[in-house]
file my_file-v1.txt (compact mmCIF, N, CA and C atoms and all ligand atoms)
# COMPACT_ATOMS: atom_id res chain seq x y z
N MET A 22 0.84 -1.20 0.00
CA MET A 22 0.00 0.00 0.00
C MET A 22 0.87 1.25 0.00
N ILE A 23 0.51 2.18 -0.83
CA ILE A 23 1.29 3.41 -0.93
C ILE A 23 0.59 4.51 -0.15
N CYS A 24 1.34 5.15 0.72
CA CYS A 24 0.80 6.28 1.45
C CYS A 24 0.54 7.41 0.47
N ASN A 25 -0.65 7.89 0.44
CA ASN A 25 -0.95 8.93 -0.55
C ASN A 25 -0.51 10.30 -0.09
N LYS A 26 0.05 10.39 1.09
CA LYS A 26 0.59 11.68 1.53
C LYS A 26 2.05 11.84 1.13
N CYS A 27 2.84 10.82 1.45
CA CYS A 27 4.27 10.96 1.18
C CYS A 27 4.73 10.07 0.04
N GLY A 28 3.86 9.19 -0.43
CA GLY A 28 4.18 8.39 -1.61
C GLY A 28 5.06 7.19 -1.31
N ILE A 29 5.31 6.91 -0.05
CA ILE A 29 6.15 5.78 0.31
C ILE A 29 5.33 4.50 0.23
N ASP A 30 5.93 3.49 -0.40
CA ASP A 30 5.26 2.21 -0.51
C ASP A 30 5.73 1.33 0.65
N GLY A 31 4.83 0.96 1.51
CA GLY A 31 5.23 0.17 2.66
C GLY A 31 4.17 -0.84 3.03
N ASN A 32 4.47 -1.56 4.07
CA ASN A 32 3.56 -2.59 4.55
C ASN A 32 2.55 -1.95 5.51
N PHE A 33 1.65 -1.18 4.93
CA PHE A 33 0.74 -0.38 5.73
C PHE A 33 -0.65 -0.98 5.76
N ILE A 34 -1.30 -0.76 6.87
CA ILE A 34 -2.74 -0.99 6.94
C ILE A 34 -3.38 0.25 7.56
N TRP A 35 -4.64 0.41 7.31
CA TRP A 35 -5.33 1.50 8.00
C TRP A 35 -5.47 1.15 9.47
N ASP A 36 -5.18 2.12 10.31
CA ASP A 36 -5.22 1.91 11.76
C ASP A 36 -6.66 2.08 12.23
N GLU A 37 -7.36 0.96 12.33
CA GLU A 37 -8.78 1.01 12.67
C GLU A 37 -9.01 1.45 14.12
N THR A 38 -8.08 1.06 15.00
CA THR A 38 -8.22 1.47 16.40
C THR A 38 -8.15 2.98 16.53
N TYR A 39 -7.16 3.52 15.81
CA TYR A 39 -6.97 4.97 15.86
C TYR A 39 -8.20 5.67 15.29
N ARG A 40 -8.73 5.12 14.20
CA ARG A 40 -9.89 5.74 13.58
C ARG A 40 -11.10 5.66 14.50
N GLY A 41 -11.20 4.53 15.23
CA GLY A 41 -12.29 4.40 16.16
C GLY A 41 -12.22 5.40 17.29
N ASN A 42 -10.98 5.70 17.70
CA ASN A 42 -10.81 6.62 18.82
C ASN A 42 -10.93 8.08 18.41
N THR A 43 -10.39 8.37 17.25
CA THR A 43 -10.27 9.78 16.89
C THR A 43 -11.13 10.17 15.70
N GLY A 44 -11.59 9.19 14.94
CA GLY A 44 -12.33 9.51 13.72
C GLY A 44 -11.43 9.92 12.57
N LYS A 45 -10.09 9.86 12.82
CA LYS A 45 -9.16 10.24 11.76
C LYS A 45 -8.53 9.00 11.16
N TYR A 46 -8.14 9.11 9.94
CA TYR A 46 -7.47 8.01 9.28
C TYR A 46 -5.97 8.08 9.55
N ARG A 47 -5.37 6.92 9.75
CA ARG A 47 -3.94 6.87 9.96
C ARG A 47 -3.46 5.53 9.45
N LEU A 48 -2.27 5.52 8.92
CA LEU A 48 -1.69 4.27 8.45
C LEU A 48 -0.83 3.67 9.56
N TYR A 49 -0.90 2.37 9.66
CA TYR A 49 -0.05 1.66 10.60
C TYR A 49 0.98 0.88 9.80
N ASP A 50 2.23 1.05 10.19
CA ASP A 50 3.33 0.41 9.48
C ASP A 50 3.61 -0.95 10.12
N LEU A 51 3.27 -2.01 9.42
CA LEU A 51 3.42 -3.35 9.99
C LEU A 51 4.89 -3.73 10.13
N ASN A 52 5.72 -3.26 9.24
CA ASN A 52 7.15 -3.59 9.34
C ASN A 52 7.79 -2.92 10.55
N MET A 53 7.44 -1.67 10.75
CA MET A 53 8.04 -0.92 11.85
C MET A 53 7.29 -1.15 13.15
N GLU A 54 6.12 -1.75 13.06
CA GLU A 54 5.28 -1.99 14.23
C GLU A 54 4.98 -0.71 14.97
N ARG A 55 4.73 0.31 14.21
CA ARG A 55 4.29 1.58 14.80
C ARG A 55 3.54 2.36 13.73
N PRO A 56 2.80 3.33 14.18
CA PRO A 56 2.08 4.14 13.20
C PRO A 56 3.02 4.76 12.19
N HIS A 57 2.59 4.75 10.97
CA HIS A 57 3.41 5.34 9.92
C HIS A 57 3.50 6.84 10.09
N GLU A 58 4.73 7.34 9.99
CA GLU A 58 4.92 8.78 9.96
C GLU A 58 5.45 9.14 8.60
N CYS A 59 4.79 10.06 8.01
CA CYS A 59 5.22 10.46 6.68
C CYS A 59 6.60 11.08 6.76
N SER A 60 7.52 10.52 5.99
CA SER A 60 8.83 11.13 5.92
C SER A 60 8.82 12.10 4.77
N GLY A 61 9.68 13.07 4.88
CA GLY A 61 9.74 14.08 3.83
C GLY A 61 8.69 15.14 4.01
N MET A 62 7.82 14.95 4.99
CA MET A 62 6.86 16.01 5.28
C MET A 62 7.33 16.75 6.50
N LYS A 63 7.32 18.04 6.41
CA LYS A 63 7.78 18.83 7.52
C LYS A 63 6.62 19.04 8.49
N THR A 64 6.71 18.36 9.61
CA THR A 64 5.66 18.53 10.61
C THR A 64 5.92 19.77 11.44
N GLU A 65 7.20 20.05 11.65
CA GLU A 65 7.54 21.25 12.40
C GLU A 65 7.70 22.41 11.43
N ALA A 66 6.82 23.31 11.53
CA ALA A 66 6.93 24.49 10.68
C ALA A 66 8.12 25.31 11.11
N SER A 67 8.92 25.64 10.15
CA SER A 67 10.08 26.45 10.48
C SER A 67 9.62 27.86 10.81
N ILE A 68 10.18 28.34 11.88
CA ILE A 68 9.75 29.66 12.34
C ILE A 68 10.59 30.72 11.63
N GLU A 69 9.96 31.38 10.72
CA GLU A 69 10.65 32.45 10.02
C GLU A 69 9.84 33.72 10.14
N GLU A 70 10.53 34.79 10.23
CA GLU A 70 9.82 36.05 10.27
C GLU A 70 9.23 36.32 8.90
N PRO A 71 8.06 36.84 8.89
CA PRO A 71 7.43 37.16 7.59
C PRO A 71 8.11 38.35 6.94
N ILE A 72 9.26 38.08 6.34
CA ILE A 72 10.08 39.15 5.80
C ILE A 72 9.34 39.87 4.66
N LEU A 73 8.65 39.09 3.85
CA LEU A 73 8.01 39.68 2.69
C LEU A 73 6.87 40.62 3.10
N ASP A 74 6.27 40.32 4.24
CA ASP A 74 5.20 41.19 4.69
C ASP A 74 5.73 42.51 5.21
N LYS A 75 6.96 42.47 5.70
CA LYS A 75 7.54 43.68 6.28
C LYS A 75 8.88 43.98 5.64
N PRO A 76 8.86 44.61 4.50
CA PRO A 76 10.13 44.90 3.84
C PRO A 76 10.91 46.00 4.55
N LEU A 77 10.26 46.75 5.39
CA LEU A 77 10.94 47.84 6.08
C LEU A 77 11.17 47.48 7.55
N VAL A 78 12.30 47.90 8.06
CA VAL A 78 12.56 47.75 9.49
C VAL A 78 12.69 49.14 10.08
N LYS A 79 12.36 49.24 11.33
CA LYS A 79 12.40 50.54 11.98
C LYS A 79 13.75 50.73 12.64
N CYS A 80 14.36 51.81 12.32
CA CYS A 80 15.65 52.09 12.92
C CYS A 80 15.45 52.53 14.36
N PRO A 81 16.07 51.85 15.31
CA PRO A 81 15.88 52.20 16.72
C PRO A 81 16.56 53.50 17.09
N LYS A 82 17.46 53.95 16.26
CA LYS A 82 18.22 55.16 16.61
C LYS A 82 17.66 56.41 15.97
N CYS A 83 16.78 56.23 15.01
CA CYS A 83 16.17 57.40 14.38
C CYS A 83 14.93 57.82 15.17
N ASP A 84 14.50 59.03 14.88
CA ASP A 84 13.28 59.52 15.48
C ASP A 84 12.11 58.66 15.03
N PRO A 85 11.44 57.98 15.95
CA PRO A 85 10.38 57.04 15.57
C PRO A 85 9.19 57.72 14.90
N LEU A 86 9.08 59.01 15.05
CA LEU A 86 7.94 59.70 14.45
C LEU A 86 8.19 60.06 12.99
N LYS A 87 9.42 59.92 12.58
CA LYS A 87 9.74 60.28 11.20
C LYS A 87 9.65 59.06 10.30
N ASP A 88 9.20 59.31 9.11
CA ASP A 88 9.14 58.21 8.14
C ASP A 88 10.53 57.68 7.82
N SER A 89 11.52 58.52 7.97
CA SER A 89 12.87 58.11 7.62
C SER A 89 13.42 57.08 8.59
N ALA A 90 12.72 56.86 9.70
CA ALA A 90 13.14 55.81 10.62
C ALA A 90 12.90 54.42 10.03
N TRP A 91 12.06 54.36 9.01
CA TRP A 91 11.78 53.06 8.38
C TRP A 91 12.75 52.85 7.23
N ILE A 92 13.54 51.84 7.36
CA ILE A 92 14.61 51.58 6.41
C ILE A 92 14.36 50.23 5.74
N LYS A 93 14.72 50.17 4.50
CA LYS A 93 14.66 48.87 3.85
C LYS A 93 15.62 47.92 4.52
N ARG A 94 15.15 46.69 4.66
CA ARG A 94 15.90 45.71 5.42
C ARG A 94 17.34 45.56 4.93
N GLU A 95 17.49 45.53 3.62
CA GLU A 95 18.84 45.32 3.09
C GLU A 95 19.71 46.56 3.25
N LYS A 96 19.07 47.71 3.50
CA LYS A 96 19.85 48.94 3.67
C LYS A 96 20.12 49.23 5.15
N PHE A 97 19.56 48.43 6.01
CA PHE A 97 19.55 48.78 7.43
C PHE A 97 20.96 48.82 8.02
N GLN A 98 21.74 47.77 7.75
CA GLN A 98 23.10 47.72 8.28
C GLN A 98 23.90 48.93 7.82
N GLU A 99 23.75 49.22 6.55
CA GLU A 99 24.46 50.34 5.96
C GLU A 99 24.01 51.65 6.60
N HIS A 100 22.72 51.73 6.81
CA HIS A 100 22.15 52.94 7.43
C HIS A 100 22.71 53.15 8.83
N ILE A 101 22.75 52.09 9.61
CA ILE A 101 23.28 52.20 10.96
C ILE A 101 24.71 52.70 10.94
N LYS A 102 25.49 52.14 10.02
CA LYS A 102 26.90 52.52 9.94
C LYS A 102 27.05 53.98 9.53
N THR A 103 26.37 54.34 8.47
CA THR A 103 26.60 55.67 7.90
C THR A 103 25.87 56.75 8.68
N ALA A 104 24.63 56.49 9.09
CA ALA A 104 23.81 57.54 9.69
C ALA A 104 24.05 57.69 11.18
N HIS A 105 24.52 56.63 11.82
CA HIS A 105 24.62 56.71 13.28
C HIS A 105 26.04 56.50 13.78
N LEU A 106 26.62 55.35 13.52
CA LEU A 106 27.91 55.03 14.11
C LEU A 106 28.98 56.03 13.69
N GLY A 107 28.88 56.46 12.45
CA GLY A 107 29.92 57.32 11.90
C GLY A 107 30.03 58.65 12.61
N PHE A 108 28.95 59.10 13.20
CA PHE A 108 28.93 60.44 13.78
C PHE A 108 29.09 60.43 15.28
N TRP A 109 29.34 59.27 15.84
CA TRP A 109 29.44 59.21 17.29
C TRP A 109 30.88 59.36 17.73
ZN ZN A 201 3.17 8.76 4.53
ZN ZN A 202 18.59 55.52 11.78

call {"tool": "encode", "arguments": {"input": "my_file-v1.txt", "output": "structure tokens"}}
result
Amino acid sequence: MICNKCGIDGNFIWDETYRGNTGKYRLYDLNMERPHECSGMKTEASIEEPILDKPLVKCPKCDPLKDSAWIKREKFQEHIKTAHLGFW
């Protein structure tokens, strides 16, 4: 039987006990003697900042009320160097 989630062909059966308890379908791996876990599927979502949603970062050293405090992310390091560190 081929798992239709990850495409792995294994010695699977539908886990009827699990379905009876939870109402969800799950494959049981007879070779491994444990419930099948889809490999190649990322169960843990990688925690990344939504960079695309926020292309601008706020400069902590600029006046927060000014629009110029918002710097493009790729320019931020440069901005800190040129606009702040250089004059201290
Ligand atoms: Zn699978
Ligand atoms: Zn600044």

call {"tool": "closest_atom_pairs", "arguments": {"input": "my_file-v1.txt", "of": "chain A", "to": "ligand ZN 202 (chain A)", "cutoff": "7 Å", "atoms": "only N, CA and C atoms and all ligand atoms", "output": "Markdown table"}}
result
| residue | atom | partner | partner_atom | distance |
| --- | --- | --- | --- | --- |
| A:Lys79 | C | A:ZN202 | ZN | 6.9 |
| A:Cys80 | CA | A:ZN202 | ZN | 4.7 |
| A:Pro81 | N | A:ZN202 | ZN | 5.7 |
| A:Lys82 | C | A:ZN202 | ZN | 4.4 |
| A:Cys83 | N | A:ZN202 | ZN | 3.8 |
| A:Asp84 | N | A:ZN202 | ZN | 6.2 |
| A:Ser89 | C | A:ZN202 | ZN | 6.3 |
| A:Ala90 | CA | A:ZN202 | ZN | 5.6 |
| A:His100 | C | A:ZN202 | ZN | 5.6 |
| A:Ile101 | CA | A:ZN202 | ZN | 5.8 |
| A:Ala104 | C | A:ZN202 | ZN | 5.9 |
| A:His105 | N | A:ZN202 | ZN | 6.0 |

call {"tool": "write_last_selection", "arguments": {"input": "my_file-v1.txt", "atoms": "N, CA and C atoms", "output": "compact mmCIF listing (two decimals), in the coordinates of the input"}}
result
# COMPACT_ATOMS: atom_id res chain seq x y z
N LYS A 79 12.36 49.24 11.33
CA LYS A 79 12.40 50.54 11.98
C LYS A 79 13.75 50.73 12.64
N CYS A 80 14.36 51.81 12.32
CA CYS A 80 15.65 52.09 12.92
C CYS A 80 15.45 52.53 14.36
N PRO A 81 16.07 51.85 15.31
CA PRO A 81 15.88 52.20 16.72
C PRO A 81 16.56 53.50 17.09
N LYS A 82 17.46 53.95 16.26
CA LYS A 82 18.22 55.16 16.61
C LYS A 82 17.66 56.41 15.97
N CYS A 83 16.78 56.23 15.01
CA CYS A 83 16.17 57.40 14.38
C CYS A 83 14.93 57.82 15.17
N ASP A 84 14.50 59.03 14.88
CA ASP A 84 13.28 59.52 15.48
C ASP A 84 12.11 58.66 15.03
N SER A 89 11.52 58.52 7.97
CA SER A 89 12.87 58.11 7.62
C SER A 89 13.42 57.08 8.59
N ALA A 90 12.72 56.86 9.70
CA ALA A 90 13.14 55.81 10.62
C ALA A 90 12.90 54.42 10.03
N HIS A 100 22.72 51.73 6.81
CA HIS A 100 22.15 52.94 7.43
C HIS A 100 22.71 53.15 8.83
N ILE A 101 22.75 52.09 9.61
CA ILE A 101 23.28 52.20 10.96
C ILE A 101 24.71 52.70 10.94
N ALA A 104 24.63 56.49 9.09
CA ALA A 104 23.81 57.54 9.69
C ALA A 104 24.05 57.69 11.18
N HIS A 105 24.52 56.63 11.82
CA HIS A 105 24.62 56.71 13.28
C HIS A 105 26.04 56.50 13.78

call {"tool": "residues_around", "arguments": {"input": "my_file-v1.txt", "residues": "Pro76 (chain A)", "least_positions_apart": "5", "cutoff": "7 Å", "atoms": "only N, CA and C atoms", "output": "list of chain:residue names"}}
result
A:Pro71, A:Ile92, A:Lys93, A:Arg94, A:Glu95

call {"tool": "residues_near_ligand", "arguments": {"input": "my_file-v1.txt", "ligand": "ligand ZN 201 (chain A)", "cutoff": "6 Å", "atoms": "all atoms listed in the file", "output": "MDAnalysis selection string"}}
result
chainID A and resid 24:29 57:60

call {"tool": "atom_distance", "arguments": {"input": "my_file-v1.txt", "atom1": "atom C of Phe97 (chain A)", "atom2": "atom C of Leu77 (chain A)"}}
result
9.9 Å

call {"tool": "residues_around", "arguments": {"input": "my_file-v1.txt", "residues": "Lys45 (chain A)", "least_positions_apart": "5", "cutoff": "8 Å", "atoms": "all atoms listed in the file", "output": "PyMOL selection string"}}
result
chain A and resi 36+39-40

call {"tool": "write_last_selection", "arguments": {"input": "my_file-v1.txt", "atoms": "N, CA and C atoms", "output": "tab-separated table (two decimals), keeping the file's coordinate frame"}}
result
chain	number	residue	atom	x	y	z
A	36	ASP	N	-5.18	2.12	10.31
A	36	ASP	CA	-5.22	1.91	11.76
A	36	ASP	C	-6.66	2.08	12.23
A	39	TYR	N	-7.16	3.52	15.81
A	39	TYR	CA	-6.97	4.97	15.86
A	39	TYR	C	-8.20	5.67	15.29
A	40	ARG	N	-8.73	5.12	14.20
A	40	ARG	CA	-9.89	5.74	13.58
A	40	ARG	C	-11.10	5.66	14.50

call {"tool": "residues_near_point", "arguments": {"input": "my_file-v1.txt", "point": "(-3.4, 3.0, 11.7)", "cutoff": "8 Å", "atoms": "only N, CA and C atoms", "output": "MDAnalysis selection string"}}
result
chainID A and resid 33:40 45:50 55:57

call {"tool": "write_last_selection", "arguments": {"input": "my_file-v1.txt", "atoms": "N, CA and C atoms", "output": "compact mmCIF listing (two decimals), in the frame of the given file"}}
result
# COMPACT_ATOMS: atom_id res chain seq x y z
N PHE A 33 1.65 -1.18 4.93
CA PHE A 33 0.74 -0.38 5.73
C PHE A 33 -0.65 -0.98 5.76
N ILE A 34 -1.30 -0.76 6.87
CA ILE A 34 -2.74 -0.99 6.94
C ILE A 34 -3.38 0.25 7.56
N TRP A 35 -4.64 0.41 7.31
CA TRP A 35 -5.33 1.50 8.00
C TRP A 35 -5.47 1.15 9.47
N ASP A 36 -5.18 2.12 10.31
CA ASP A 36 -5.22 1.91 11.76
C ASP A 36 -6.66 2.08 12.23
N GLU A 37 -7.36 0.96 12.33
CA GLU A 37 -8.78 1.01 12.67
C GLU A 37 -9.01 1.45 14.12
N THR A 38 -8.08 1.06 15.00
CA THR A 38 -8.22 1.47 16.40
C THR A 38 -8.15 2.98 16.53
N TYR A 39 -7.16 3.52 15.81
CA TYR A 39 -6.97 4.97 15.86
C TYR A 39 -8.20 5.67 15.29
N ARG A 40 -8.73 5.12 14.20
CA ARG A 40 -9.89 5.74 13.58
C ARG A 40 -11.10 5.66 14.50
N LYS A 45 -10.09 9.86 12.82
CA LYS A 45 -9.16 10.24 11.76
C LYS A 45 -8.53 9.00 11.16
N TYR A 46 -8.14 9.11 9.94
CA TYR A 46 -7.47 8.01 9.28
C TYR A 46 -5.97 8.08 9.55
N ARG A 47 -5.37 6.92 9.75
CA ARG A 47 -3.94 6.87 9.96
C ARG A 47 -3.46 5.53 9.45
N LEU A 48 -2.27 5.52 8.92
CA LEU A 48 -1.69 4.27 8.45
C LEU A 48 -0.83 3.67 9.56
N TYR A 49 -0.90 2.37 9.66
CA TYR A 49 -0.05 1.66 10.60
C TYR A 49 0.98 0.88 9.80
N ASP A 50 2.23 1.05 10.19
CA ASP A 50 3.33 0.41 9.48
C ASP A 50 3.61 -0.95 10.12
N ARG A 55 4.73 0.31 14.21
CA ARG A 55 4.29 1.58 14.80
C ARG A 55 3.54 2.36 13.73
N PRO A 56 2.80 3.33 14.18
CA PRO A 56 2.08 4.14 13.20
C PRO A 56 3.02 4.76 12.19
N HIS A 57 2.59 4.75 10.97
CA HIS A 57 3.41 5.34 9.92
C HIS A 57 3.50 6.84 10.09

call {"tool": "atom_distance", "arguments": {"input": "my_file-v1.txt", "atom1": "CA of Glu99 (chain A)", "atom2": "CA of Val78 (chain A)"}}
result
12.7 Å

call {"tool": "atom_distance", "arguments": {"input": "my_file-v1.txt", "atom1": "CA of Pro85 (chain A)", "atom2": "CA of Thr103 (chain A)"}}
result
18.0 Å

call {"tool": "residues_near_point", "arguments": {"input": "my_file-v1.txt", "point": "(5.3, -5.3, 6.5)", "cutoff": "5 Å", "atoms": "only N, CA and C atoms", "output": "PDB file with N, CA and C atoms, in the frame of the given file"}}
result
ATOM      1  N   ASN A  32       4.470  -1.560   4.070  1.00  0.00           N
ATOM      2  CA  ASN A  32       3.560  -2.590   4.550  1.00  0.00           C
ATOM      3  C   ASN A  32       2.550  -1.950   5.510  1.00  0.00           C
ATOM      4  N   LEU A  51       3.270  -2.010   9.420  1.00  0.00           N
ATOM      5  CA  LEU A  51       3.420  -3.350   9.990  1.00  0.00           C
ATOM      6  C   LEU A  51       4.890  -3.730  10.130  1.00  0.00           C
ATOM      7  N   ASN A  52       5.720  -3.260   9.240  1.00  0.00           N
ATOM      8  CA  ASN A  52       7.150  -3.590   9.340  1.00  0.00           C
ATOM      9  C   ASN A  52       7.790  -2.920  10.550  1.00  0.00           C
TER      10      ASN A  52
END

call {"tool": "decode", "arguments": {"input": "my_file-v1.txt", "residues": "region 24-107 of chain A", "atoms": "C-alpha atoms", "output": "CSV table (one decimal), in the first residue's frame"}}
result
chain,number,residue,atom,x,y,z
A,24,CYS,CA,0.8,6.3,1.4
A,25,ASN,CA,-1.0,8.9,-0.5
A,26,LYS,CA,0.6,11.7,1.5
A,27,CYS,CA,4.3,11.0,1.2
A,28,GLY,CA,4.2,8.4,-1.6
A,29,ILE,CA,6.2,5.8,0.3
A,30,ASP,CA,5.3,2.2,-0.5
A,31,GLY,CA,5.2,0.2,2.7
A,32,ASN,CA,3.6,-2.6,4.6
A,33,PHE,CA,0.7,-0.4,5.7
A,34,ILE,CA,-2.7,-1.0,6.9
A,35,TRP,CA,-5.3,1.5,8.0
A,36,ASP,CA,-5.2,1.9,11.8
A,37,GLU,CA,-8.8,1.0,12.7
A,38,THR,CA,-8.2,1.5,16.4
A,39,TYR,CA,-7.0,5.0,15.9
A,40,ARG,CA,-9.9,5.7,13.6
A,41,GLY,CA,-12.3,4.4,16.2
A,42,ASN,CA,-10.8,6.6,18.8
A,43,THR,CA,-10.3,9.8,16.9
A,44,GLY,CA,-12.3,9.5,13.7
A,45,LYS,CA,-9.2,10.2,11.8
A,46,TYR,CA,-7.5,8.0,9.3
A,47,ARG,CA,-3.9,6.9,10.0
A,48,LEU,CA,-1.7,4.3,8.5
A,49,TYR,CA,0.0,1.7,10.6
A,50,ASP,CA,3.3,0.4,9.5
A,51,LEU,CA,3.4,-3.3,10.0
A,52,ASN,CA,7.1,-3.6,9.3
A,53,MET,CA,8.0,-0.9,11.8
A,54,GLU,CA,5.3,-2.0,14.2
A,55,ARG,CA,4.3,1.6,14.8
A,56,PRO,CA,2.1,4.1,13.2
A,57,HIS,CA,3.4,5.3,9.9
A,58,GLU,CA,4.9,8.8,10.0
A,59,CYS,CA,5.2,10.5,6.7
A,60,SER,CA,8.8,11.1,5.9
A,61,GLY,CA,9.7,14.1,3.8
A,62,MET,CA,6.9,16.0,5.3
A,63,LYS,CA,7.8,18.8,7.5
A,64,THR,CA,5.7,18.5,10.6
A,65,GLU,CA,7.5,21.2,12.4
A,66,ALA,CA,6.9,24.5,10.7
A,67,SER,CA,10.1,26.5,10.5
A,68,ILE,CA,9.8,29.7,12.3
A,69,GLU,CA,10.7,32.5,10.0
A,70,GLU,CA,9.8,36.1,10.3
A,71,PRO,CA,7.4,37.2,7.6
A,72,ILE,CA,10.1,39.1,5.8
A,73,LEU,CA,8.0,39.7,2.7
A,74,ASP,CA,5.2,41.2,4.7
A,75,LYS,CA,7.5,43.7,6.3
A,76,PRO,CA,10.1,44.9,3.8
A,77,LEU,CA,10.9,47.8,6.1
A,78,VAL,CA,12.6,47.8,9.5
A,79,LYS,CA,12.4,50.5,12.0
A,80,CYS,CA,15.7,52.1,12.9
A,81,PRO,CA,15.9,52.2,16.7
A,82,LYS,CA,18.2,55.2,16.6
A,83,CYS,CA,16.2,57.4,14.4
A,84,ASP,CA,13.3,59.5,15.5
A,85,PRO,CA,10.4,57.0,15.6
A,86,LEU,CA,7.9,59.7,14.4
A,87,LYS,CA,9.7,60.3,11.2
A,88,ASP,CA,9.1,58.2,8.1
A,89,SER,CA,12.9,58.1,7.6
A,90,ALA,CA,13.1,55.8,10.6
A,91,TRP,CA,11.8,53.1,8.4
A,92,ILE,CA,14.6,51.6,6.4
A,93,LYS,CA,14.7,48.9,3.8
A,94,ARG,CA,15.9,45.7,5.4
A,95,GLU,CA,18.8,45.3,3.1
A,96,LYS,CA,19.8,48.9,3.7
A,97,PHE,CA,19.6,48.8,7.4
A,98,GLN,CA,23.1,47.7,8.3
A,99,GLU,CA,24.5,50.3,6.0
A,100,HIS,CA,22.2,52.9,7.4
A,101,ILE,CA,23.3,52.2,11.0
A,102,LYS,CA,26.9,52.5,9.9
A,103,THR,CA,26.6,55.7,7.9
A,104,ALA,CA,23.8,57.5,9.7
A,105,HIS,CA,24.6,56.7,13.3
A,106,LEU,CA,27.9,55.0,14.1
A,107,GLY,CA,29.9,57.3,11.9
